[in-house]
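*Asks:* Take a look at data-v6.cif, mmCIF, C-alpha atoms:
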data_entry
loop_
_atom_site.group_PDB
_atom_site.id
_atom_site.type_symbol
_atom_site.label_atom_id
_atom_site.label_comp_id
_atom_site.auth_asym_id
_atom_site.auth_seq_id
_atom_site.Cartn_x
_atom_site.Cartn_y
_atom_site.Cartn_z
ATOM 1 C CA MET A 1271 -38.265 32.658 -39.790
ATOM 2 C CA LYS A 1272 -35.833 30.290 -41.536
ATOM 3 C CA MET A 1273 -37.478 27.544 -43.620
ATOM 4 C CA LEU A 1274 -35.938 24.669 -45.585
ATOM 5 C CA ILE A 1275 -37.699 25.498 -48.865
ATOM 6 C CA ASN A 1276 -37.002 26.947 -52.304
ATOM 7 C CA VAL A 1277 -39.936 29.323 -52.722
ATOM 8 C CA PRO A 1278 -43.372 29.187 -51.062
ATOM 9 C CA GLU A 1279 -45.126 28.621 -54.391
ATOM 10 C CA THR A 1280 -43.447 25.213 -54.959
ATOM 11 C CA VAL A 1281 -43.453 23.795 -51.428
ATOM 12 C CA VAL A 1282 -46.115 21.133 -52.073
ATOM 13 C CA ALA A 1283 -44.777 20.116 -55.485
ATOM 14 C CA ASP A 1284 -41.228 19.862 -54.115
ATOM 15 C CA ALA A 1285 -42.432 17.699 -51.227
ATOM 16 C CA LEU A 1286 -44.310 15.395 -53.603
ATOM 17 C CA ARG A 1287 -41.239 14.992 -55.811
ATOM 18 C CA GLY A 1288 -39.237 14.072 -52.739
ATOM 19 C CA MET A 1289 -41.895 11.630 -51.608
ATOM 20 C CA ALA A 1290 -41.894 9.943 -55.005
ATOM 21 C CA ALA A 1291 -38.121 9.525 -54.838
ATOM 22 C CA ALA A 1292 -38.238 8.052 -51.327
ATOM 23 C CA HIS A 1293 -41.217 5.736 -51.817
ATOM 24 C CA PRO A 1294 -41.254 3.853 -55.130
ATOM 25 C CA GLU A 1295 -44.079 1.718 -53.745
ATOM 26 C CA LEU A 1296 -46.321 4.751 -54.350
ATOM 27 C CA THR A 1297 -47.371 6.405 -57.582
ATOM 28 C CA VAL A 1298 -47.068 10.154 -57.031
ATOM 29 C CA ASP A 1299 -48.646 12.410 -59.659
ATOM 30 C CA VAL A 1300 -46.953 15.711 -58.851
ATOM 31 C CA GLU A 1301 -48.781 17.744 -61.497
ATOM 32 C CA ASN A 1302 -52.277 16.546 -60.604
ATOM 33 C CA ARG A 1303 -51.560 16.189 -56.862
ATOM 34 C CA VAL A 1304 -52.631 12.589 -56.294
ATOM 35 C CA ILE A 1305 -50.770 9.879 -54.338
ATOM 36 C CA VAL A 1306 -51.803 6.264 -55.080
ATOM 37 C CA ARG A 1307 -50.585 2.876 -53.877
ATOM 38 C CA ARG A 1308 -48.737 1.410 -56.837
ATOM 39 C CA ASP A 1309 -50.728 -1.848 -56.936
ATOM 40 C CA ALA A 1310 -54.094 -0.024 -57.185
ATOM 41 C CA PRO A 1311 -56.762 -0.869 -58.033
ATOM 42 C CA VAL A 1312 -56.730 -4.010 -55.879
ATOM 43 C CA SER A 1313 -59.277 -6.465 -57.257
ATOM 44 C CA GLY A 1314 -62.365 -6.981 -55.128
ATOM 45 C CA LYS A 1315 -61.378 -4.517 -52.420
ATOM 46 C CA VAL A 1316 -62.953 -1.263 -51.252
ATOM 47 C CA ALA A 1317 -60.580 1.675 -51.725
ATOM 48 C CA LEU A 1318 -60.152 4.371 -49.078
ATOM 49 C CA VAL A 1319 -59.437 7.878 -50.358
ATOM 50 C CA SER A 1320 -58.692 10.857 -48.154
ATOM 51 C CA GLY A 1321 -57.028 14.214 -48.440
ATOM 52 C CA GLY A 1322 -56.755 17.712 -47.104
ATOM 53 C CA GLY A 1323 -54.451 20.657 -46.948
ATOM 54 C CA SER A 1324 -50.729 20.005 -46.893
ATOM 55 C CA GLY A 1325 -48.810 20.870 -43.742
ATOM 56 C CA HIS A 1326 -50.164 18.010 -41.613
ATOM 57 C CA GLU A 1327 -47.698 15.335 -42.739
ATOM 58 C CA PRO A 1328 -47.651 12.367 -42.656
ATOM 59 C CA LEU A 1329 -51.436 12.905 -42.918
ATOM 60 C CA HIS A 1330 -52.643 11.969 -45.514
ATOM 61 C CA GLY A 1331 -50.104 10.966 -48.159
ATOM 62 C CA GLY A 1332 -47.940 9.205 -45.597
ATOM 63 C CA PHE A 1333 -50.794 6.815 -44.854
ATOM 64 C CA VAL A 1334 -51.174 5.468 -48.403
ATOM 65 C CA GLY A 1335 -50.397 1.785 -48.725
ATOM 66 C CA PRO A 1336 -51.588 -1.721 -47.793
ATOM 67 C CA GLY A 1337 -53.790 -1.642 -44.710
ATOM 68 C CA MET A 1338 -54.718 2.045 -44.913
ATOM 69 C CA LEU A 1339 -55.483 4.431 -47.776
ATOM 70 C CA ALA A 1340 -55.539 3.534 -51.449
ATOM 71 C CA ALA A 1341 -55.008 7.186 -52.416
ATOM 72 C CA ALA A 1342 -54.617 10.665 -50.960
ATOM 73 C CA CYS A 1343 -55.178 14.133 -52.386
ATOM 74 C CA PRO A 1344 -52.880 16.863 -51.001
ATOM 75 C CA GLY A 1345 -54.114 20.428 -51.282
ATOM 76 C CA GLU A 1346 -52.033 23.543 -50.942
ATOM 77 C CA VAL A 1347 -50.855 24.345 -47.414
ATOM 78 C CA PHE A 1348 -53.894 24.399 -45.102
ATOM 79 C CA THR A 1349 -56.180 24.470 -48.171
ATOM 80 C CA SER A 1350 -58.603 21.773 -49.283
ATOM 81 C CA PRO A 1351 -57.809 19.746 -52.381
ATOM 82 C CA VAL A 1352 -60.200 20.272 -55.292
ATOM 83 C CA PRO A 1353 -62.883 17.851 -56.548
ATOM 84 C CA ASP A 1354 -60.923 17.016 -59.705
ATOM 85 C CA GLN A 1355 -58.141 15.566 -57.559
ATOM 86 C CA MET A 1356 -60.587 13.435 -55.603
ATOM 87 C CA VAL A 1357 -62.330 12.118 -58.721
ATOM 88 C CA ARG A 1358 -58.969 11.325 -60.317
ATOM 89 C CA ALA A 1359 -57.951 9.433 -57.164
ATOM 90 C CA ALA A 1360 -61.247 7.536 -56.984
ATOM 91 C CA THR A 1361 -60.974 6.546 -60.636
ATOM 92 C CA ALA A 1362 -57.408 5.321 -60.154
ATOM 93 C CA VAL A 1363 -58.196 3.057 -57.201
ATOM 94 C CA ASP A 1364 -61.760 1.808 -57.793
ATOM 95 C CA SER A 1365 -61.850 -1.939 -58.469
ATOM 96 C CA GLY A 1366 -65.627 -2.032 -58.725
ATOM 97 C CA ALA A 1367 -66.076 -2.679 -54.991
ATOM 98 C CA GLY A 1368 -66.561 1.029 -54.250
ATOM 99 C CA VAL A 1369 -64.663 3.920 -52.695
ATOM 100 C CA LEU A 1370 -64.885 5.338 -49.175
ATOM 101 C CA PHE A 1371 -64.050 9.028 -48.810
ATOM 102 C CA VAL A 1372 -62.611 9.876 -45.366
ATOM 103 C CA VAL A 1373 -63.280 13.581 -44.812
ATOM 104 C CA LYS A 1374 -62.143 15.778 -41.931
ATOM 105 C CA ASN A 1375 -64.825 18.237 -40.841
ATOM 106 C CA TYR A 1376 -63.597 21.462 -42.413
ATOM 107 C CA THR A 1377 -65.940 23.441 -44.618
ATOM 108 C CA GLY A 1378 -63.789 23.370 -47.767
ATOM 109 C CA ASP A 1379 -63.037 19.657 -47.453
ATOM 110 C CA VAL A 1380 -66.692 18.776 -46.900
ATOM 111 C CA LEU A 1381 -67.946 20.803 -49.858
ATOM 112 C CA ASN A 1382 -65.264 19.542 -52.235
ATOM 113 C CA PHE A 1383 -65.587 15.886 -51.261
ATOM 114 C CA ASP A 1384 -69.392 16.128 -51.601
ATOM 115 C CA MET A 1385 -68.983 17.510 -55.100
ATOM 116 C CA ALA A 1386 -66.385 14.867 -55.949
ATOM 117 C CA ALA A 1387 -68.701 12.094 -54.758
ATOM 118 C CA GLU A 1388 -71.420 13.287 -57.111
ATOM 119 C CA LEU A 1389 -68.989 13.483 -60.037
ATOM 120 C CA ALA A 1390 -67.546 10.042 -59.287
ATOM 121 C CA GLU A 1391 -71.004 8.504 -59.064
ATOM 122 C CA ASP A 1392 -71.812 10.040 -62.455
ATOM 123 C CA GLU A 1393 -68.866 8.009 -63.758
ATOM 124 C CA GLY A 1394 -70.290 4.811 -62.275
ATOM 125 C CA ILE A 1395 -68.182 4.644 -59.100
ATOM 126 C CA ARG A 1396 -69.991 3.723 -55.888
ATOM 127 C CA VAL A 1397 -68.970 6.206 -53.193
ATOM 128 C CA ALA A 1398 -69.584 6.316 -49.445
ATOM 129 C CA LYS A 1399 -68.366 9.044 -47.090
ATOM 130 C CA VAL A 1400 -67.448 9.295 -43.424
ATOM 131 C CA LEU A 1401 -66.951 12.618 -41.669
ATOM 132 C CA VAL A 1402 -64.310 12.794 -38.925
ATOM 133 C CA ASN A 1403 -65.277 15.274 -36.169
ATOM 134 C CA ASP A 1404 -63.462 14.183 -33.034
ATOM 135 C CA ASP A 1405 -62.157 17.465 -31.535
ATOM 136 C CA VAL A 1406 -63.860 18.222 -28.212
ATOM 137 C CA ALA A 1407 -62.223 21.617 -27.736
ATOM 138 C CA VAL A 1408 -64.741 23.763 -29.629
ATOM 139 C CA THR A 1409 -68.101 23.219 -31.303
ATOM 140 C CA ASP A 1410 -67.603 25.699 -34.138
ATOM 141 C CA SER A 1411 -64.381 27.262 -35.390
ATOM 142 C CA LEU A 1412 -62.935 29.458 -38.097
ATOM 143 C CA TYR A 1413 -62.999 26.500 -40.492
ATOM 144 C CA THR A 1414 -65.953 24.373 -39.403
ATOM 145 C CA ALA A 1415 -69.579 24.043 -38.531
ATOM 146 C CA GLY A 1416 -69.509 21.553 -35.687
ATOM 147 C CA ARG A 1417 -66.459 19.804 -34.324
ATOM 148 C CA ARG A 1418 -63.144 19.746 -36.150
ATOM 149 C CA GLY A 1419 -61.552 16.593 -37.551
ATOM 150 C CA THR A 1420 -58.139 15.954 -36.006
ATOM 151 C CA GLY A 1421 -56.184 13.007 -34.591
ATOM 152 C CA ALA A 1422 -58.964 10.425 -34.858
ATOM 153 C CA THR A 1423 -58.510 10.580 -38.622
ATOM 154 C CA LEU A 1424 -55.600 8.185 -38.107
ATOM 155 C CA PHE A 1425 -57.828 5.754 -36.172
ATOM 156 C CA VAL A 1426 -60.469 5.844 -38.914
ATOM 157 C CA GLU A 1427 -58.019 5.384 -41.769
ATOM 158 C CA LYS A 1428 -56.133 2.549 -40.063
ATOM 159 C CA ILE A 1429 -59.103 0.533 -38.803
ATOM 160 C CA ALA A 1430 -61.360 1.023 -41.833
ATOM 161 C CA GLY A 1431 -58.347 0.418 -44.064
ATOM 162 C CA ALA A 1432 -57.773 -2.930 -42.376
ATOM 163 C CA ALA A 1433 -61.435 -3.841 -42.901
ATOM 164 C CA ALA A 1434 -61.109 -2.984 -46.580
ATOM 165 C CA GLU A 1435 -57.899 -5.032 -46.810
ATOM 166 C CA GLU A 1436 -59.853 -8.047 -45.528
ATOM 167 C CA GLY A 1437 -62.227 -7.668 -48.484
ATOM 168 C CA ARG A 1438 -65.260 -6.489 -46.531
ATOM 169 C CA PRO A 1439 -67.989 -4.807 -48.616
ATOM 170 C CA LEU A 1440 -68.371 -1.033 -48.839
ATOM 171 C CA GLU A 1441 -71.326 -0.901 -46.450
ATOM 172 C CA GLN A 1442 -69.363 -2.695 -43.727
ATOM 173 C CA VAL A 1443 -66.220 -0.608 -44.214
ATOM 174 C CA GLU A 1444 -68.299 2.569 -44.021
ATOM 175 C CA ALA A 1445 -70.074 1.363 -40.872
ATOM 176 C CA ILE A 1446 -66.768 0.546 -39.179
ATOM 177 C CA ALA A 1447 -65.345 3.953 -40.104
ATOM 178 C CA ARG A 1448 -68.381 5.684 -38.613
ATOM 179 C CA ARG A 1449 -68.159 3.550 -35.472
ATOM 180 C CA VAL A 1450 -64.509 4.470 -35.004
ATOM 181 C CA ASN A 1451 -65.252 8.172 -35.427
ATOM 182 C CA ASP A 1452 -68.172 7.996 -33.002
ATOM 183 C CA SER A 1453 -65.913 6.253 -30.463
ATOM 184 C CA SER A 1454 -63.070 8.795 -30.718
ATOM 185 C CA ARG A 1455 -62.301 12.170 -29.158
ATOM 186 C CA SER A 1456 -59.273 14.500 -29.289
ATOM 187 C CA PHE A 1457 -57.872 17.604 -27.620
ATOM 188 C CA GLY A 1458 -54.813 19.612 -28.679
ATOM 189 C CA VAL A 1459 -52.476 22.119 -27.032
ATOM 190 C CA ALA A 1460 -50.196 24.672 -28.723
ATOM 191 C CA LEU A 1461 -46.964 25.861 -27.161
ATOM 192 C CA SER A 1462 -46.075 28.031 -30.155
ATOM 193 C CA ALA A 1463 -47.810 29.509 -33.185
ATOM 194 C CA VAL A 1464 -47.601 27.917 -36.628
ATOM 195 C CA THR A 1465 -45.651 29.508 -39.486
ATOM 196 C CA THR A 1466 -46.886 28.974 -43.043
ATOM 197 C CA PRO A 1467 -44.485 29.179 -46.005
ATOM 198 C CA ALA A 1468 -46.548 31.902 -47.678
ATOM 199 C CA LYS A 1469 -46.549 34.165 -44.608
ATOM 200 C CA GLY A 1470 -43.091 33.337 -43.321
ATOM 201 C CA SER A 1471 -43.978 34.417 -39.800
ATOM 202 C CA PRO A 1472 -46.274 33.121 -37.031
ATOM 203 C CA THR A 1473 -49.951 33.190 -38.012
ATOM 204 C CA PHE A 1474 -51.077 34.288 -34.551
ATOM 205 C CA ASP A 1475 -49.557 35.838 -31.465
ATOM 206 C CA LEU A 1476 -48.765 33.464 -28.610
ATOM 207 C CA PRO A 1477 -46.546 35.316 -26.149
ATOM 208 C CA ALA A 1478 -43.630 33.592 -24.436
ATOM 209 C CA GLY A 1479 -44.755 31.898 -21.264
ATOM 210 C CA GLU A 1480 -48.288 31.173 -22.525
ATOM 211 C CA LEU A 1481 -50.032 28.236 -24.206
ATOM 212 C CA GLU A 1482 -53.331 27.720 -26.018
ATOM 213 C CA LEU A 1483 -55.607 24.917 -24.801
ATOM 214 C CA GLY A 1484 -57.779 23.257 -27.436
ATOM 215 C CA ILE A 1485 -55.936 24.514 -30.501
ATOM 216 C CA GLY A 1486 -56.899 23.357 -34.013
ATOM 217 C CA ILE A 1487 -54.491 21.819 -36.510
ATOM 218 C CA HIS A 1488 -54.433 25.007 -38.618
ATOM 219 C CA GLY A 1489 -53.710 27.207 -35.622
ATOM 220 C CA GLU A 1490 -57.368 27.974 -34.909
ATOM 221 C CA PRO A 1491 -58.059 29.329 -31.416
ATOM 222 C CA GLY A 1492 -58.901 26.898 -28.667
ATOM 223 C CA ARG A 1493 -60.864 27.106 -25.447
ATOM 224 C CA GLU A 1494 -58.568 29.419 -23.531
ATOM 225 C CA ARG A 1495 -55.064 30.799 -23.177
ATOM 226 C CA ARG A 1496 -53.152 30.140 -19.967
ATOM 227 C CA PRO A 1497 -49.700 30.698 -18.473
ATOM 228 C CA MET A 1498 -47.327 27.833 -19.287
ATOM 229 C CA MET A 1499 -48.168 24.603 -17.472
ATOM 230 C CA THR A 1500 -46.153 21.484 -16.633
ATOM 231 C CA SER A 1501 -46.467 18.365 -18.763
ATOM 232 C CA GLY A 1502 -48.543 16.746 -16.033
ATOM 233 C CA GLU A 1503 -50.911 19.708 -15.801
ATOM 234 C CA ILE A 1504 -51.384 19.761 -19.576
ATOM 235 C CA ALA A 1505 -52.064 16.011 -19.569
ATOM 236 C CA GLU A 1506 -54.729 16.459 -16.898
ATOM 237 C CA ALA A 1507 -56.455 19.211 -18.871
ATOM 238 C CA ALA A 1508 -56.356 17.297 -22.160
ATOM 239 C CA VAL A 1509 -57.313 13.879 -20.810
ATOM 240 C CA ASP A 1510 -60.103 15.262 -18.635
ATOM 241 C CA ALA A 1511 -61.600 17.092 -21.639
ATOM 242 C CA VAL A 1512 -61.534 13.925 -23.749
ATOM 243 C CA VAL A 1513 -62.672 11.466 -21.071
ATOM 244 C CA THR A 1514 -65.490 13.741 -19.877
ATOM 245 C CA ASP A 1515 -66.887 13.889 -23.401
ATOM 246 C CA LEU A 1516 -66.245 10.273 -24.429
ATOM 247 C CA GLY A 1517 -67.058 8.531 -21.141
ATOM 248 C CA PRO A 1518 -65.276 5.295 -22.088
ATOM 249 C CA ARG A 1519 -66.316 2.053 -20.402
ATOM 250 C CA ASN A 1520 -64.091 -0.195 -22.505
ATOM 251 C CA PRO A 1521 -60.321 -0.034 -23.152
ATOM 252 C CA VAL A 1522 -59.042 2.698 -25.432
ATOM 253 C CA LEU A 1523 -56.464 3.274 -28.107
ATOM 254 C CA VAL A 1524 -54.254 6.242 -27.178
ATOM 255 C CA LEU A 1525 -52.593 8.556 -29.673
ATOM 256 C CA VAL A 1526 -50.140 11.048 -28.198
ATOM 257 C CA ASN A 1527 -49.494 13.157 -31.255
ATOM 258 C CA GLY A 1528 -46.893 15.849 -31.808
ATOM 259 C CA MET A 1529 -47.899 18.976 -33.709
ATOM 260 C CA GLY A 1530 -44.642 19.096 -35.661
ATOM 261 C CA ALA A 1531 -41.962 20.773 -33.572
ATOM 262 C CA THR A 1532 -42.088 18.923 -30.251
ATOM 263 C CA PRO A 1533 -39.215 16.414 -29.794
ATOM 264 C CA LEU A 1534 -39.963 12.763 -29.116
ATOM 265 C CA LEU A 1535 -38.198 13.104 -25.767
ATOM 266 C CA GLU A 1536 -40.925 15.511 -24.670
ATOM 267 C CA LEU A 1537 -43.727 13.507 -26.304
ATOM 268 C CA TYR A 1538 -42.748 10.334 -24.471
ATOM 269 C CA GLY A 1539 -42.569 12.283 -21.214
ATOM 270 C CA PHE A 1540 -46.002 13.709 -21.967
ATOM 271 C CA ASN A 1541 -47.261 10.202 -22.700
ATOM 272 C CA ALA A 1542 -46.123 9.100 -19.251
ATOM 273 C CA GLU A 1543 -48.339 11.808 -17.772
ATOM 274 C CA VAL A 1544 -51.249 10.923 -20.068
ATOM 275 C CA GLN A 1545 -51.012 7.277 -18.960
ATOM 276 C CA ARG A 1546 -50.904 8.367 -15.321
ATOM 277 C CA VAL A 1547 -54.041 10.465 -15.670
ATOM 278 C CA LEU A 1548 -55.882 7.726 -17.569
ATOM 279 C CA GLY A 1549 -55.003 5.278 -14.795
ATOM 280 C CA GLU A 1550 -56.236 7.680 -12.136
ATOM 281 C CA ARG A 1551 -59.499 8.090 -14.074
ATOM 282 C CA GLY A 1552 -59.956 4.314 -14.323
ATOM 283 C CA VAL A 1553 -59.529 4.149 -18.115
ATOM 284 C CA ALA A 1554 -57.879 0.960 -19.392
ATOM 285 C CA VAL A 1555 -55.385 1.340 -22.249
ATOM 286 C CA ALA A 1556 -55.189 -1.305 -24.975
ATOM 287 C CA ARG A 1557 -52.571 0.248 -27.287
ATOM 288 C CA THR A 1558 -50.559 3.486 -27.391
ATOM 289 C CA LEU A 1559 -49.008 5.301 -30.332
ATOM 290 C CA VAL A 1560 -46.580 8.207 -29.774
ATOM 291 C CA GLY A 1561 -45.181 10.444 -32.493
ATOM 292 C CA ASN A 1562 -45.864 13.094 -35.119
ATOM 293 C CA TYR A 1563 -48.828 11.876 -37.163
ATOM 294 C CA VAL A 1564 -51.301 14.760 -37.574
ATOM 295 C CA THR A 1565 -49.123 17.844 -37.489
ATOM 296 C CA SER A 1566 -49.359 21.581 -38.055
ATOM 297 C CA LEU A 1567 -46.122 22.487 -39.845
ATOM 298 C CA ASP A 1568 -43.739 23.875 -37.189
ATOM 299 C CA MET A 1569 -46.147 24.216 -34.283
ATOM 300 C CA ALA A 1570 -44.841 23.086 -30.907
ATOM 301 C CA GLY A 1571 -47.440 21.237 -28.899
ATOM 302 C CA ALA A 1572 -49.308 17.961 -28.714
ATOM 303 C CA SER A 1573 -52.730 16.395 -28.903
ATOM 304 C CA VAL A 1574 -54.326 13.445 -27.163
ATOM 305 C CA SER A 1575 -56.777 11.193 -29.010
ATOM 306 C CA LEU A 1576 -58.672 8.273 -27.495
ATOM 307 C CA CYS A 1577 -60.727 5.628 -29.295
ATOM 308 C CA GLU A 1578 -62.902 3.279 -27.265
ATOM 309 C CA ILE A 1579 -62.576 -0.186 -28.772
ATOM 310 C CA ASP A 1580 -63.906 -3.723 -28.670
ATOM 311 C CA GLU A 1581 -62.248 -6.973 -29.815
ATOM 312 C CA GLU A 1582 -63.175 -6.421 -33.460
ATOM 313 C CA LEU A 1583 -61.759 -2.905 -33.635
ATOM 314 C CA LEU A 1584 -58.616 -3.934 -31.740
ATOM 315 C CA GLY A 1585 -58.038 -6.777 -34.193
ATOM 316 C CA LEU A 1586 -58.342 -4.361 -37.111
ATOM 317 C CA TRP A 1587 -55.984 -1.906 -35.393
ATOM 318 C CA ASP A 1588 -53.391 -4.662 -34.917
ATOM 319 C CA ALA A 1589 -53.729 -5.884 -38.523
ATOM 320 C CA PRO A 1590 -50.669 -5.407 -40.759
ATOM 321 C CA VAL A 1591 -50.075 -2.005 -42.329
ATOM 322 C CA ARG A 1592 -47.341 -0.749 -44.648
ATOM 323 C CA THR A 1593 -47.273 2.969 -45.394
ATOM 324 C CA PRO A 1594 -44.531 5.621 -45.210
ATOM 325 C CA GLY A 1595 -45.909 6.979 -41.932
ATOM 326 C CA LEU A 1596 -47.259 3.859 -40.203
ATOM 327 C CA ARG A 1597 -46.154 0.263 -40.532
ATOM 328 C CA TRP A 1598 -46.225 -2.941 -38.520
ATOM 329 C CA GLY A 1599 -46.901 -6.643 -38.977
ATOM 330 C CA MET A 1600 -45.545 -6.897 -42.534
#
Just dump the structure as structure tokens.

*Replies:*
Amino acid sequence: MKMLINVPETVVADALRGMAAAHPELTVDVENRVIVRRDAPVSGKVALVSGGGSGHEPLHGGFVGPGMLAAACPGEVFTSPVPDQMVRAATAVDSGAGVLFVVKNYTGDVLNFDMAAELAEDEGIRVAKVLVNDDVAVTDSLYTAGRRGTGATLFVEKIAGAAAEEGRPLEQVEAIARRVNDSSRSFGVALSAVTTPAKGSPTFDLPAGELELGIGIHGEPGRERRPMMTSGEIAEAAVDAVVTDLGPRNPVLVLVNGMGATPLLELYGFNAEVQRVLGERGVAVARTLVGNYVTSLDMAGASVSLCEIDEELLGLWDAPVRTPGLRWGM
């Protein structure tokens, strides 16, 4: 497998150096693996901090900036960052209003963020946490107890980030983040296996002509393997899984997310099918976002995330945001 890298051991550091060069509005600490908005700490505002294994870009470093995260902690590829990174990030962005940790439900992330919260509180930083567990495909997986955290992480970071930008107190920002997570569900499909830099070859066997329904963002197994389906058939399987679990009565935000290797041409075609199925199921759509936002290195495939919203959450979604990976209204 050909990869545009130097050596596997420096992939994350090289990417961070490149990010620093492209985005002077961020402070990128390559050695300590922390990405911070350059104007942090912002006086009087709650700071959102997230992180996770690298390989899911733009999540999370690409979502650092006004209207979303104050800082992000990138781990090694598909490996949780360590508590020291999280404490360093919290210290860099805390203005005294408190810090909200946004944590995807993977065992390493949960343990390390819990430890970091205790260490940060020992240093006098108020910390709240929200766990993102939106994946309806499986209840337990190779990496989790309970549901995995996937595409809804973007909903949580954007909407809670907007609440923090308005100057809302930590308790309110935390409550909004939890409400968004509770109102969100996701389902992913893999058309090809993922290749990590360290392995240099696919991490699992997915024969030609087959796909995996309900795949995780690290290449974890899903619900079942089937012969290749049309875009419309995949949309029906994904949307039905999400809608059956969520049961939305109000309009929804839609995220049609690429896993890294699927062209936008195909993603927009897939979105057309997702919108068709939602219409047939009587689900009203408020906003739609299409693109690669929560990826899995070079995996071909897509995921569908829905978030049931009200006027308050929609207003926070529409609020201005300026990050490398998501920006509007500024």

*Asks:* Can you list, as a PyMOL selection string, every protein, DNA or RNA residue that comes within 7 Å of Glu1578 of chain A when you count only C-alpha atoms, leaving out same-chain residues fewer than 5 positions away?

*Replies:* chain A and resi 1453-1454+1518+1520-1523

*Asks:* Output the residue selection produced by the PyMOL selection byres ((chain A and resi 1359-1368) around 8) on the file above, formatted as an MDAnalysis selection string.

*Replies:* chainID A and resid 1304:1306 1310:1317 1319 1340:1343 1355:1358 1369:1370 1390 1395:1398 1439:1440

*Asks:* Which protein, DNA or RNA residues are at most 6 Å from (-49.5, 27.7, -18.4) in the file's coordinates when you count all atoms listed in the file, listed as an MDAnalysis selection string?

*Replies:* chainID A and resid 1480:1481 1496:1499

*Asks:* Applied to this file, what does the PyMOL selection byres ((chain A and resi 1516) around 12) return in terms of residues, put as a list in words?

*Replies:* Asp1404, Asp1405, Val1406, Asn1451, Asp1452, Ser1453, Ser1454, Arg1455, Ser1456, Phe1457, Val1509, Asp1510, Ala1511, Val1512, Val1513, Thr1514, Asp1515, Gly1517, Pro1518, Arg1519, Asn1520, Pro1521, Val1522, Val1553, Ser1575, Leu1576, Cys1577, Glu1578 and Ile1579 of chain A

*Asks:* Report as a PyMOL selection string the residues that result from applying the PyMOL selection byres ((chain A and resi 1492-1494) around 10) to the structure here.

*Replies:* chain A and resi 1406-1408+1411+1457-1460+1481-1486+1489-1491+1495-1496

*Asks:* I want to know what sits within 6 Å of Val1591 of chain A, based on all atoms listed in the file, with residues of the same chain fewer than 2 positions away left out; could you give that as a ChimeraX atom specification?

*Replies:* /A:1336-1337,1597-1598

*Asks:* Tell me, in Å to one decimal, how far atom CA of Phe1333 of chain A is from atom CA of Glu1279 of chain A.

*Replies:*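 Between these atoms lies a distance of 24.5 Å.
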
*Asks:* My list of candidates is A:Gly1321, A:Pro1472, A:Gly1530, A:Gly1479. Which is closest to Tyr1563 of chain A when distances are computed with all atoms listed in the file?

*Replies:*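 Result for the nearest residue to Tyr1563 of chain A: A:Gly1530.
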
*Asks:* To one decimal place in Å, what is the distance between atom CA of Leu1596 of chain A and atom CA of Pro1294 of chain A?

*Replies:* 16.1 Å
